[in-house]
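*Asks:* Mind having a look at this structure? Questions to follow.
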Amino acid sequence: MGIELIILLLAVLAVIAVYFVLKTAKLLIVNTIMGLVILAVGNIVFNLDIPYSPMALLVCALGGIPGAGLVILLHVFGIAFLQPNSF
């Protein structure tokens, strides 16, 4: 009887842990998608000509909305994410 209660308690704790992990992962995925969308919309609407290099996409994917803002600001000020022949 005692083993069954311990297993049931561990199963309930595992379900709760998985719930919180998936809840956090959902927020991270939404933030990543919004960052990539902001980069694309900024390129299209404001004609920024930011190249979709692996580094720019990685910053937007990992940083989300703040990452997209950082890529756009660095491009506008001419610090990074420039076209290859824009020197």
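Following the order of the structure tokens, chains are lettered A, B, ..., residues in each are numbered from 1, and ligands are numbered from 1.
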So that I can see what lies close to stretch 56-67 of chain A, please list as a PyMOL selection string the residues with an atom at most 10 Å from it, counting only C-alpha atoms and leaving out residues fewer than 3 positions away in the same chain.

*Replies:* chain A and resi 28-39+50-53+70-73+80-81

*Asks:* Can you write out the residues you just picked, keeping C-alpha atoms, as an mmCIF file, in the first residue's frame?

*Replies:*
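Final output, selection02.cif:
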```cif
data_model
loop_
_atom_site.group_PDB
_atom_site.id
_atom_site.type_symbol
_atom_site.label_atom_id
_atom_site.label_comp_id
_atom_site.auth_asym_id
_atom_site.auth_seq_id
_atom_site.Cartn_x
_atom_site.Cartn_y
_atom_site.Cartn_z
ATOM 1 C CA LEU A 28 9.729 31.242 -25.284
ATOM 2 C CA ILE A 29 8.352 29.989 -28.604
ATOM 3 C CA VAL A 30 5.916 32.913 -28.846
ATOM 4 C CA ASN A 31 8.717 35.380 -28.067
ATOM 5 C CA THR A 32 10.943 33.793 -30.741
ATOM 6 C CA ILE A 33 8.239 33.930 -33.399
ATOM 7 C CA MET A 34 7.405 37.543 -32.545
ATOM 8 C CA GLY A 35 11.070 38.523 -32.832
ATOM 9 C CA LEU A 36 11.379 36.963 -36.281
ATOM 10 C CA VAL A 37 8.102 38.568 -37.389
ATOM 11 C CA ILE A 38 9.245 42.000 -36.182
ATOM 12 C CA LEU A 39 12.493 41.633 -38.132
ATOM 13 C CA ILE A 50 18.776 43.924 -43.161
ATOM 14 C CA PRO A 51 20.231 40.719 -44.596
ATOM 15 C CA TYR A 52 18.765 37.516 -43.207
ATOM 16 C CA SER A 53 22.161 36.188 -42.196
ATOM 17 C CA LEU A 70 18.784 45.136 -31.152
ATOM 18 C CA VAL A 71 19.355 43.909 -34.720
ATOM 19 C CA ILE A 72 17.317 46.798 -36.124
ATOM 20 C CA LEU A 73 19.110 49.401 -33.987
ATOM 21 C CA ALA A 80 26.352 45.540 -37.572
ATOM 22 C CA PHE A 81 24.090 43.519 -39.879
#
```

*Asks:* Please provide as a list in words all residues within 12 Å of A:Asp49, with the sequence filter that same-chain residues fewer than 3 positions apart are discarded (counting only C-alpha atoms).

*Replies:*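 Those residues are Leu39, Ala40, Val41, Gly42, Asn43, Ile44, Val45, Phe46, Tyr52, Ser53, Val71, Ile72, His75, Val76, Gly78, Phe81, Leu82, Gln83, Pro84 and Ser86 of chain A.
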
*Asks:* Residues of chain A in alpha helix (DSSP H) according to DSSP, as JSON, numbers by chain?

*Replies:* {"A": [2, 3, 4, 5, 6, 7, 8, 9, 10, 11, 12, 13, 14, 15, 16, 17, 18, 19, 20, 21, 22, 23, 24, 25, 26, 27, 28, 29, 30, 31, 32, 33, 34, 35, 36, 37, 38, 39, 40, 41, 42, 43, 44, 45, 54, 55, 56, 57, 58, 59, 60, 61, 62, 63, 64, 65, 66, 67, 68, 69, 70, 71, 72, 73, 74, 75, 76]}

*Asks:* Grab the atom CA of A:Gly2 to atom CA of A:Phe20 distance for me, in Å with one decimal place.

*Replies:* 27.5 Å
